[in-house]
Amino acid sequence: MASESTQTESAETKFVEDLAEKDDFAQWYQDVVYKAGLADESPVRGCMTIKPYGYALWEHMQRAMDDRIKATGHENAYFPLFIPGSFLEREAEHVEGFAPEVAVVTRAGGEELAEPLVVRPTSETVIGHMYAKWVQSYRDLPLLLNQWCNVVRWEKRTRPFLRTTEFLWQEGHTVHRTEQEAEDETLLILRQVYEDFFIKELAMPGIPGLKSESQKFPGALRTYTIEAMMGDGKALQAATSHNLGQNFARGFGIQFQDADGVVKTAWTTSWGSSTRMIGGLIMVHGDASGLRMPPRVAPIQAIIVPIWRKEAERAAVAALAGEVEAALRAAGVRVKADWREERPGFKYNDWELRGVPIRIEIGPRDAQNGQVVLVPRTDRAKKEIVGKDGVARRVPEMLAEIHQALYDAALAFRQSRTYRTSDYQELKAIMGDKERLGFVETWWCGDGACEAAIKAETGATIRCMPLEQPEGSGPCVYCGRAGEGTRWAIFGKAY
């Protein structure tokens, strides 16, 4: 059977022309964010307005993440936006780490405030204050809460979604009876919530691992991370989970009477992921034509493009489009029909830019034959002609195939840009070569001085020490030493 779409093939041969080339990755990224309708600039420096299409994406991501958080026994709550300035000083390492990013309110209601208020950069301190009131006995533990909110960090260099002055996120905060329970919680969130979410929802392969002392969260005992490789070979810290030890509990007096009658200091954790994940999604999956949305979080999973030349043809096309749209909605597919008065080629380009996973073309001949044309965003050459009765079955199958194709492509790219070497000069060469830039896996002696020297000379940091460590050990890539503290580490440049 012939397809109506063959008549518009010439309109498809050249796709979005107003995006920067991916070689100019920074400009390409900005173009995609703004021209795909995800966000817009605001009158406040470093803050963005998230447009409906971008916010719908965030809602789908938020829902999938929230389901995982609740499935692991956590509940949602909400804590204040403003934090007394004195609270930040109760944990010295924490205040030192966040001081350059803090926004402070000193005047309100026409008067100077007796105590300045900090606009939350994160909520460990104010939540610690409340937990000290709520935790009295071991029977109150574990306390497992999460909140969805906005935070403010006064960034000097901003980029939409990746690094903004204000951003949306979730932050979990938990209290435990023992160090082991806190450690188990930290790793549970890392693997069962974050890693699972990135793989199954965003089709994004991440590497779970431990941060070095210099890269950990200020005030934490240990920080774990999911590190993902972007389309230019740089790393993105996609989500973090922190074992805070007893540092914050001591600072805020979170104590409990244990079963043996002894009053003990609690162990706490915190963990978070943010709208930065949207930036990661763009940079991992986007191509020269714009976005490629992972189907499970895509605001629109299938777009119907009706094609007609004469008004007499429109009724038949509309009838079939209506049938297909209803069938897909009944099958749980997020579908939309594009009836704008624009040429098919324009619509193709527009929805390519926005990353809709499947395009469904319906022309007069398709209506006559009771068929549609399915075009996957991941490979436009793989068009399929499907009878109308098979659309509700085939589209969900194709969405699953698209998800897998995106994941496989992202993993293959990461593997192609991951190098193993014990030669420091090779590490330097890789970090200085735009065409090879990626991850370098190597041995590190554990000395912060070597880590600092590598960063100073190459711009690369330890992204993480993977949880799955190889057996044995080897000489440090920088100093050549080997010993008990040697760890297998991943170096890379990062956003």
# chains A, B, ... in the order shown; residues from 1 in each chain; ligands from 1
>>> select_by_dssp(residues="range 223-301 of chain A", states="alpha helix (DSSP H)", output="tab-separated table (two decimals) with C-alpha atoms, in the first residue's frame")
chain	number	residue	atom	x	y	z
A	247	ASN	CA	27.17	16.21	62.14
A	248	PHE	CA	23.79	17.87	61.66
A	249	ALA	CA	22.20	15.88	64.47
A	250	ARG	CA	24.79	17.25	66.88
A	251	GLY	CA	24.36	20.79	65.58
A	252	PHE	CA	20.60	20.72	66.06
A	276	ARG	CA	18.89	19.76	36.24
A	277	MET	CA	17.70	16.32	35.07
A	278	ILE	CA	15.88	18.08	32.21
A	279	GLY	CA	19.18	19.56	31.09
A	280	GLY	CA	20.72	16.10	31.24
A	281	LEU	CA	17.91	14.63	29.18
A	282	ILE	CA	18.47	17.25	26.46
A	283	MET	CA	22.24	16.81	26.35
A	284	VAL	CA	22.19	13.01	26.39
A	285	HIS	CA	19.48	12.40	23.79
>>> residues_around(residues="range 46-56 of chain A", least_positions_apart="3", cutoff="9 Å", atoms="only C-alpha atoms", output="VMD selection string")
chain A and resid 33 36 to 43 59 to 61 154 to 161 163 to 167 278 297 to 299 354
>>> residues_around(residues="range 129-135 of chain A", least_positions_apart="2", cutoff="12 Å", atoms="only C-alpha atoms", output="PDB file with N, CA and C atoms, in the first residue's frame")
ATOM      1  N   ALA A  77       6.347  16.123  52.856  1.00  0.00           N
ATOM      2  CA  ALA A  77       6.017  17.199  53.781  1.00  0.00           C
ATOM      3  C   ALA A  77       6.496  18.502  53.151  1.00  0.00           C
ATOM      4  N   TYR A  78       6.345  19.600  53.872  1.00  0.00           N
ATOM      5  CA  TYR A  78       6.855  20.879  53.356  1.00  0.00           C
ATOM      6  C   TYR A  78       7.452  21.669  54.505  1.00  0.00           C
ATOM      7  N   PHE A  79       8.591  22.316  54.236  1.00  0.00           N
ATOM      8  CA  PHE A  79       9.307  23.102  55.228  1.00  0.00           C
ATOM      9  C   PHE A  79       9.520  24.521  54.698  1.00  0.00           C
ATOM     10  N   PRO A  80       9.792  25.490  55.584  1.00  0.00           N
ATOM     11  CA  PRO A  80       9.809  26.905  55.186  1.00  0.00           C
ATOM     12  C   PRO A  80      10.878  27.264  54.151  1.00  0.00           C
ATOM     13  N   ILE A  83      15.081  30.606  56.273  1.00  0.00           N
ATOM     14  CA  ILE A  83      15.817  29.941  57.350  1.00  0.00           C
ATOM     15  C   ILE A  83      16.522  31.011  58.180  1.00  0.00           C
ATOM     16  N   PRO A  84      16.399  31.002  59.504  1.00  0.00           N
ATOM     17  CA  PRO A  84      17.163  31.958  60.312  1.00  0.00           C
ATOM     18  C   PRO A  84      18.653  31.876  59.987  1.00  0.00           C
ATOM     19  N   SER A  86      21.237  32.301  61.657  1.00  0.00           N
ATOM     20  CA  SER A  86      22.073  31.631  62.656  1.00  0.00           C
ATOM     21  C   SER A  86      22.087  30.119  62.473  1.00  0.00           C
ATOM     22  N   PHE A  87      21.057  29.574  61.826  1.00  0.00           N
ATOM     23  CA  PHE A  87      20.984  28.126  61.665  1.00  0.00           C
ATOM     24  C   PHE A  87      22.158  27.598  60.841  1.00  0.00           C
ATOM     25  N   LEU A  88      22.538  28.349  59.797  1.00  0.00           N
ATOM     26  CA  LEU A  88      23.598  27.862  58.924  1.00  0.00           C
ATOM     27  C   LEU A  88      24.930  27.745  59.648  1.00  0.00           C
ATOM     28  N   ARG A  90      25.481  26.583  62.573  1.00  0.00           N
ATOM     29  CA  ARG A  90      25.569  25.487  63.542  1.00  0.00           C
ATOM     30  C   ARG A  90      26.356  24.301  63.014  1.00  0.00           C
ATOM     31  N   SER A 123      17.817  22.414  52.728  1.00  0.00           N
ATOM     32  CA  SER A 123      17.013  22.562  53.945  1.00  0.00           C
ATOM     33  C   SER A 123      17.498  21.757  55.153  1.00  0.00           C
ATOM     34  N   GLU A 124      18.719  21.248  55.114  1.00  0.00           N
ATOM     35  CA  GLU A 124      19.194  20.427  56.237  1.00  0.00           C
ATOM     36  C   GLU A 124      19.018  21.139  57.583  1.00  0.00           C
ATOM     37  N   THR A 125      19.310  22.441  57.622  1.00  0.00           N
ATOM     38  CA  THR A 125      19.320  23.146  58.916  1.00  0.00           C
ATOM     39  C   THR A 125      17.920  23.346  59.482  1.00  0.00           C
ATOM     40  N   VAL A 126      17.009  23.871  58.686  1.00  0.00           N
ATOM     41  CA  VAL A 126      15.657  24.111  59.219  1.00  0.00           C
ATOM     42  C   VAL A 126      14.941  22.790  59.486  1.00  0.00           C
ATOM     43  N   ILE A 127      15.204  21.781  58.678  1.00  0.00           N
ATOM     44  CA  ILE A 127      14.597  20.479  58.926  1.00  0.00           C
ATOM     45  C   ILE A 127      15.216  19.840  60.170  1.00  0.00           C
ATOM     46  N   SER A 137      12.258   9.417  70.971  1.00  0.00           N
ATOM     47  CA  SER A 137      12.489   8.027  71.345  1.00  0.00           C
ATOM     48  C   SER A 137      12.890   7.210  70.116  1.00  0.00           C
ATOM     49  N   TYR A 138      13.511   6.078  70.352  1.00  0.00           N
ATOM     50  CA  TYR A 138      13.841   5.180  69.246  1.00  0.00           C
ATOM     51  C   TYR A 138      12.587   4.724  68.523  1.00  0.00           C
ATOM     52  N   ARG A 139      11.438   4.814  69.216  1.00  0.00           N
ATOM     53  CA  ARG A 139      10.172   4.446  68.578  1.00  0.00           C
ATOM     54  C   ARG A 139       9.756   5.449  67.496  1.00  0.00           C
ATOM     55  N   ASP A 140      10.344   6.638  67.506  1.00  0.00           N
ATOM     56  CA  ASP A 140      10.045   7.657  66.487  1.00  0.00           C
ATOM     57  C   ASP A 140      10.850   7.433  65.206  1.00  0.00           C
ATOM     58  N   LEU A 141      11.734   6.449  65.242  1.00  0.00           N
ATOM     59  CA  LEU A 141      12.652   6.233  64.123  1.00  0.00           C
ATOM     60  C   LEU A 141      12.339   4.947  63.376  1.00  0.00           C
ATOM     61  N   PRO A 142      12.679   4.880  62.087  1.00  0.00           N
ATOM     62  CA  PRO A 142      13.260   5.969  61.303  1.00  0.00           C
ATOM     63  C   PRO A 142      12.206   7.005  60.924  1.00  0.00           C
ATOM     64  N   LEU A 143      12.643   8.243  60.740  1.00  0.00           N
ATOM     65  CA  LEU A 143      11.796   9.328  60.256  1.00  0.00           C
ATOM     66  C   LEU A 143      12.166   9.557  58.802  1.00  0.00           C
ATOM     67  N   LEU A 144      11.229   9.313  57.890  1.00  0.00           N
ATOM     68  CA  LEU A 144      11.536   9.296  56.450  1.00  0.00           C
ATOM     69  C   LEU A 144      10.654  10.293  55.718  1.00  0.00           C
ATOM     70  N   LEU A 145      11.162  11.502  55.494  1.00  0.00           N
ATOM     71  CA  LEU A 145      10.380  12.544  54.839  1.00  0.00           C
ATOM     72  C   LEU A 145      11.086  13.082  53.587  1.00  0.00           C
ATOM     73  N   HIS A 173      15.011  13.912  53.579  1.00  0.00           N
ATOM     74  CA  HIS A 173      15.755  14.062  54.835  1.00  0.00           C
ATOM     75  C   HIS A 173      15.266  13.001  55.799  1.00  0.00           C
ATOM     76  N   THR A 174      16.175  12.175  56.283  1.00  0.00           N
ATOM     77  CA  THR A 174      15.773  11.063  57.137  1.00  0.00           C
ATOM     78  C   THR A 174      16.624  10.999  58.405  1.00  0.00           C
ATOM     79  N   VAL A 175      16.048  10.382  59.430  1.00  0.00           N
ATOM     80  CA  VAL A 175      16.729  10.228  60.725  1.00  0.00           C
ATOM     81  C   VAL A 175      16.721   8.751  61.092  1.00  0.00           C
ATOM     82  N   HIS A 176      17.865   8.278  61.618  1.00  0.00           N
ATOM     83  CA  HIS A 176      18.020   6.848  61.888  1.00  0.00           C
ATOM     84  C   HIS A 176      18.663   6.599  63.245  1.00  0.00           C
ATOM     85  N   ARG A 177      18.495   5.372  63.663  1.00  0.00           N
ATOM     86  CA  ARG A 177      18.972   4.944  64.986  1.00  0.00           C
ATOM     87  C   ARG A 177      20.459   4.633  64.980  1.00  0.00           C
ATOM     88  N   PHE A 248      24.946  16.991  61.541  1.00  0.00           N
ATOM     89  CA  PHE A 248      23.785  17.872  61.663  1.00  0.00           C
ATOM     90  C   PHE A 248      22.972  17.535  62.905  1.00  0.00           C
ATOM     91  N   ALA A 249      22.928  16.267  63.261  1.00  0.00           N
ATOM     92  CA  ALA A 249      22.198  15.878  64.466  1.00  0.00           C
ATOM     93  C   ALA A 249      22.813  16.525  65.706  1.00  0.00           C
ATOM     94  N   ARG A 250      24.134  16.580  65.744  1.00  0.00           N
ATOM     95  CA  ARG A 250      24.793  17.248  66.877  1.00  0.00           C
ATOM     96  C   ARG A 250      24.491  18.736  66.864  1.00  0.00           C
ATOM     97  N   GLY A 251      24.572  19.351  65.681  1.00  0.00           N
ATOM     98  CA  GLY A 251      24.361  20.792  65.576  1.00  0.00           C
ATOM     99  C   GLY A 251      22.966  21.220  65.985  1.00  0.00           C
ATOM    100  N   PHE A 252      21.989  20.338  65.780  1.00  0.00           N
ATOM    101  CA  PHE A 252      20.603  20.717  66.065  1.00  0.00           C
ATOM    102  C   PHE A 252      19.974  19.898  67.191  1.00  0.00           C
ATOM    103  N   GLY A 253      20.772  19.095  67.843  1.00  0.00           N
ATOM    104  CA  GLY A 253      20.283  18.383  69.012  1.00  0.00           C
ATOM    105  C   GLY A 253      19.249  17.318  68.712  1.00  0.00           C
ATOM    106  N   ILE A 254      19.436  16.584  67.623  1.00  0.00           N
ATOM    107  CA  ILE A 254      18.516  15.493  67.304  1.00  0.00           C
ATOM    108  C   ILE A 254      18.955  14.264  68.091  1.00  0.00           C
ATOM    109  N   GLN A 255      18.278  14.014  69.196  1.00  0.00           N
ATOM    110  CA  GLN A 255      18.636  12.918  70.098  1.00  0.00           C
ATOM    111  C   GLN A 255      17.402  12.073  70.388  1.00  0.00           C
ATOM    112  N   PHE A 256      17.650  10.854  70.812  1.00  0.00           N
ATOM    113  CA  PHE A 256      16.547   9.953  71.145  1.00  0.00           C
ATOM    114  C   PHE A 256      16.966   9.045  72.301  1.00  0.00           C
ATOM    115  N   GLN A 257      15.970   8.646  73.069  1.00  0.00           N
ATOM    116  CA  GLN A 257      16.238   7.669  74.132  1.00  0.00           C
ATOM    117  C   GLN A 257      16.110   6.290  73.519  1.00  0.00           C
ATOM    118  N   ASP A 258      17.196   5.528  73.563  1.00  0.00           N
ATOM    119  CA  ASP A 258      17.210   4.203  72.952  1.00  0.00           C
ATOM    120  C   ASP A 258      16.533   3.181  73.875  1.00  0.00           C
ATOM    121  N   VAL A 263      20.314   8.110  76.230  1.00  0.00           N
ATOM    122  CA  VAL A 263      20.028   9.142  75.234  1.00  0.00           C
ATOM    123  C   VAL A 263      21.181   9.191  74.231  1.00  0.00           C
ATOM    124  N   LYS A 264      20.859   9.038  72.958  1.00  0.00           N
ATOM    125  CA  LYS A 264      21.887   8.954  71.929  1.00  0.00           C
ATOM    126  C   LYS A 264      21.642   9.984  70.829  1.00  0.00           C
ATOM    127  N   THR A 265      22.706  10.316  70.118  1.00  0.00           N
ATOM    128  CA  THR A 265      22.608  11.225  68.974  1.00  0.00           C
ATOM    129  C   THR A 265      22.219  10.430  67.742  1.00  0.00           C
ATOM    130  N   ALA A 266      21.283  10.965  66.971  1.00  0.00           N
ATOM    131  CA  ALA A 266      20.773  10.267  65.790  1.00  0.00           C
ATOM    132  C   ALA A 266      21.751  10.358  64.620  1.00  0.00           C
ATOM    133  N   TRP A 267      21.469   9.574  63.599  1.00  0.00           N
ATOM    134  CA  TRP A 267      22.209   9.599  62.330  1.00  0.00           C
ATOM    135  C   TRP A 267      21.241  10.071  61.248  1.00  0.00           C
ATOM    136  N   THR A 268      21.690  10.960  60.382  1.00  0.00           N
ATOM    137  CA  THR A 268      20.773  11.534  59.396  1.00  0.00           C
ATOM    138  C   THR A 268      21.313  11.399  57.967  1.00  0.00           C
TER     139      THR A 268
END
>>> residues_around(residues="range 428-438 of chain A", least_positions_apart="6", cutoff="6 Å", atoms="only C-alpha atoms", output="NGL selection string")
:A and (233-234 or 417-418 or 458)
>>> residues_around(residues="Thr225 in chain A", least_positions_apart="6", cutoff="9 Å", atoms="only C-alpha atoms", output="list of chain:residue names")
A:Leu190, A:Ile207, A:Pro208, A:Gly209, A:Leu210, A:Lys211, A:Gln237, A:Ala238, A:Ala239, A:Thr240, A:Ser241, A:His242, A:Arg463, A:Cys464
>>> residues_around(residues="Ala326 in chain A", least_positions_apart="5", cutoff="9 Å", atoms="only C-alpha atoms", output="ChimeraX atom specification")
/A:321,331,335
>>> write_last_selection(atoms="N, CA and C atoms", output="PDB file, in the first residue's frame")
ATOM      1  N   ALA A 321      -8.409  10.296  11.791  1.00  0.00           N
ATOM      2  CA  ALA A 321      -7.587  10.875  12.857  1.00  0.00           C
ATOM      3  C   ALA A 321      -8.315  10.802  14.188  1.00  0.00           C
ATOM      4  N   ALA A 331      -5.754   3.501  25.096  1.00  0.00           N
ATOM      5  CA  ALA A 331      -4.607   2.630  25.372  1.00  0.00           C
ATOM      6  C   ALA A 331      -3.602   3.280  26.313  1.00  0.00           C
ATOM      7  N   VAL A 335      -1.536  11.568  23.351  1.00  0.00           N
ATOM      8  CA  VAL A 335      -1.580  11.832  21.918  1.00  0.00           C
ATOM      9  C   VAL A 335      -2.259  13.170  21.647  1.00  0.00           C
TER      10      VAL A 335
END
>>> atom_distance(atom1="CA of Ala367 in chain A", atom2="CA of Arg309 in chain A")
13.4 Å
>>> closest_residue(among="A:Ala452, A:Val395, A:Leu291, A:Ala327", to="Asp350 in chain A", atoms="only C-alpha atoms")
A:Leu291
>>> residues_around(residues="Val391 in chain A", least_positions_apart="3", cutoff="8 Å", atoms="only C-alpha atoms", output="PyMOL selection string")
chain A and resi 324+327-328+372+386-388+394-395
>>> write_last_selection(atoms="N, CA and C atoms", output="PDB file, in the first residue's frame")
ATOM      1  N   VAL A 324      -8.230   7.186  15.486  1.00  0.00           N
ATOM      2  CA  VAL A 324      -6.897   6.819  15.964  1.00  0.00           C
ATOM      3  C   VAL A 324      -6.607   7.513  17.295  1.00  0.00           C
ATOM      4  N   ALA A 327      -8.544   5.789  20.067  1.00  0.00           N
ATOM      5  CA  ALA A 327      -7.998   4.464  20.368  1.00  0.00           C
ATOM      6  C   ALA A 327      -6.716   4.564  21.180  1.00  0.00           C
ATOM      7  N   LEU A 328      -5.868   5.521  20.824  1.00  0.00           N
ATOM      8  CA  LEU A 328      -4.605   5.680  21.541  1.00  0.00           C
ATOM      9  C   LEU A 328      -4.837   6.203  22.955  1.00  0.00           C
ATOM     10  N   VAL A 372      -2.410   4.161   8.779  1.00  0.00           N
ATOM     11  CA  VAL A 372      -1.634   5.333   9.189  1.00  0.00           C
ATOM     12  C   VAL A 372      -0.162   5.023   8.963  1.00  0.00           C
ATOM     13  N   VAL A 386       0.603   0.996   9.224  1.00  0.00           N
ATOM     14  CA  VAL A 386      -0.145   0.140  10.135  1.00  0.00           C
ATOM     15  C   VAL A 386      -1.633   0.363   9.915  1.00  0.00           C
ATOM     16  N   GLY A 387      -2.393  -0.706   9.852  1.00  0.00           N
ATOM     17  CA  GLY A 387      -3.838  -0.593   9.764  1.00  0.00           C
ATOM     18  C   GLY A 387      -4.401   0.053  11.017  1.00  0.00           C
ATOM     19  N   LYS A 388      -5.523   0.772  10.856  1.00  0.00           N
ATOM     20  CA  LYS A 388      -6.058   1.530  11.986  1.00  0.00           C
ATOM     21  C   LYS A 388      -6.385   0.638  13.187  1.00  0.00           C
ATOM     22  N   ARG A 394       0.417  -1.250  18.270  1.00  0.00           N
ATOM     23  CA  ARG A 394       1.770  -1.005  17.768  1.00  0.00           C
ATOM     24  C   ARG A 394       2.430   0.220  18.394  1.00  0.00           C
ATOM     25  N   VAL A 395       1.670   1.281  18.643  1.00  0.00           N
ATOM     26  CA  VAL A 395       2.283   2.497  19.187  1.00  0.00           C
ATOM     27  C   VAL A 395       2.937   2.253  20.546  1.00  0.00           C
TER      28      VAL A 395
END
>>> closest_residue(among="A:Leu399, A:Ala312, A:Ala381, A:Ala235", to="Gly492 in chain A", atoms="only C-alpha atoms")
A:Ala235
>>> atom_distance(atom1="CA of Lys35 in chain A", atom2="CA of Ile307 in chain A")
24.4 Å
>>> select_by_dssp(residues="range 251-495 of chain A", states="strand (DSSP E or B)", output="MDAnalysis selection string")
chainID A and resid 255:257 263:265 267:274 287 290 302:306 335:337 358:362 371:376 384:387 418:420 439:444 461:466 487:492 494
>>> atom_distance(atom1="CA of Gly355 in chain A", atom2="CA of Ile199 in chain A")
18.5 Å
>>> decode(residues="range 365-386 of chain A", atoms="N, CA and C atoms", output="short mmCIF file (atom, residue, chain, number, x, y, z; two decimals), in the first residue's frame")
data_model
loop_
_atom_site.label_atom_id
_atom_site.label_comp_id
_atom_site.auth_asym_id
_atom_site.auth_seq_id
_atom_site.Cartn_x
_atom_site.Cartn_y
_atom_site.Cartn_z
N ARG A 365 -5.16 9.14 1.02
CA ARG A 365 -5.01 7.75 0.62
C ARG A 365 -4.98 6.84 1.85
N ASP A 366 -4.33 7.33 2.93
CA ASP A 366 -4.32 6.56 4.18
C ASP A 366 -5.74 6.39 4.71
N ALA A 367 -6.53 7.47 4.63
CA ALA A 367 -7.92 7.40 5.10
C ALA A 367 -8.72 6.41 4.27
N GLN A 368 -8.48 6.43 2.97
CA GLN A 368 -9.19 5.52 2.07
C GLN A 368 -8.84 4.06 2.38
N ASN A 369 -7.57 3.82 2.73
CA ASN A 369 -7.10 2.45 2.97
C ASN A 369 -7.22 2.03 4.44
N GLY A 370 -7.66 2.95 5.31
CA GLY A 370 -7.79 2.61 6.73
C GLY A 370 -6.46 2.33 7.38
N GLN A 371 -5.47 3.17 7.10
CA GLN A 371 -4.12 2.94 7.60
C GLN A 371 -3.51 4.26 8.08
N VAL A 372 -2.41 4.16 8.78
CA VAL A 372 -1.63 5.33 9.19
C VAL A 372 -0.16 5.02 8.96
N VAL A 373 0.65 6.06 9.00
CA VAL A 373 2.10 5.91 8.88
C VAL A 373 2.73 6.32 10.21
N LEU A 374 3.47 5.43 10.82
CA LEU A 374 4.17 5.70 12.08
C LEU A 374 5.63 6.01 11.79
N VAL A 375 6.11 7.13 12.33
CA VAL A 375 7.49 7.55 12.11
C VAL A 375 8.16 7.74 13.47
N PRO A 376 9.09 6.86 13.87
CA PRO A 376 9.76 7.02 15.16
C PRO A 376 10.79 8.14 15.12
N ARG A 377 10.84 8.94 16.19
CA ARG A 377 11.78 10.08 16.26
C ARG A 377 13.23 9.60 16.26
N THR A 378 13.47 8.40 16.74
CA THR A 378 14.85 7.90 16.82
C THR A 378 15.42 7.49 15.47
N ASP A 379 14.54 7.17 14.52
CA ASP A 379 15.02 6.76 13.19
C ASP A 379 13.90 6.99 12.18
N ARG A 380 13.94 8.15 11.53
CA ARG A 380 12.86 8.52 10.62
C ARG A 380 12.78 7.60 9.41
N ALA A 381 13.86 6.88 9.12
CA ALA A 381 13.84 5.98 7.97
C ALA A 381 13.00 4.73 8.24
N LYS A 382 12.72 4.47 9.51
CA LYS A 382 11.96 3.26 9.86
C LYS A 382 10.47 3.55 9.93
N LYS A 383 9.93 4.07 8.84
CA LYS A 383 8.49 4.32 8.79
C LYS A 383 7.74 3.00 8.70
N GLU A 384 6.58 2.95 9.34
CA GLU A 384 5.75 1.76 9.28
C GLU A 384 4.34 2.14 8.88
N ILE A 385 3.75 1.39 7.97
CA ILE A 385 2.35 1.54 7.64
C ILE A 385 1.57 0.51 8.45
N VAL A 386 0.60 1.00 9.22
CA VAL A 386 -0.14 0.14 10.13
C VAL A 386 -1.63 0.36 9.91
#
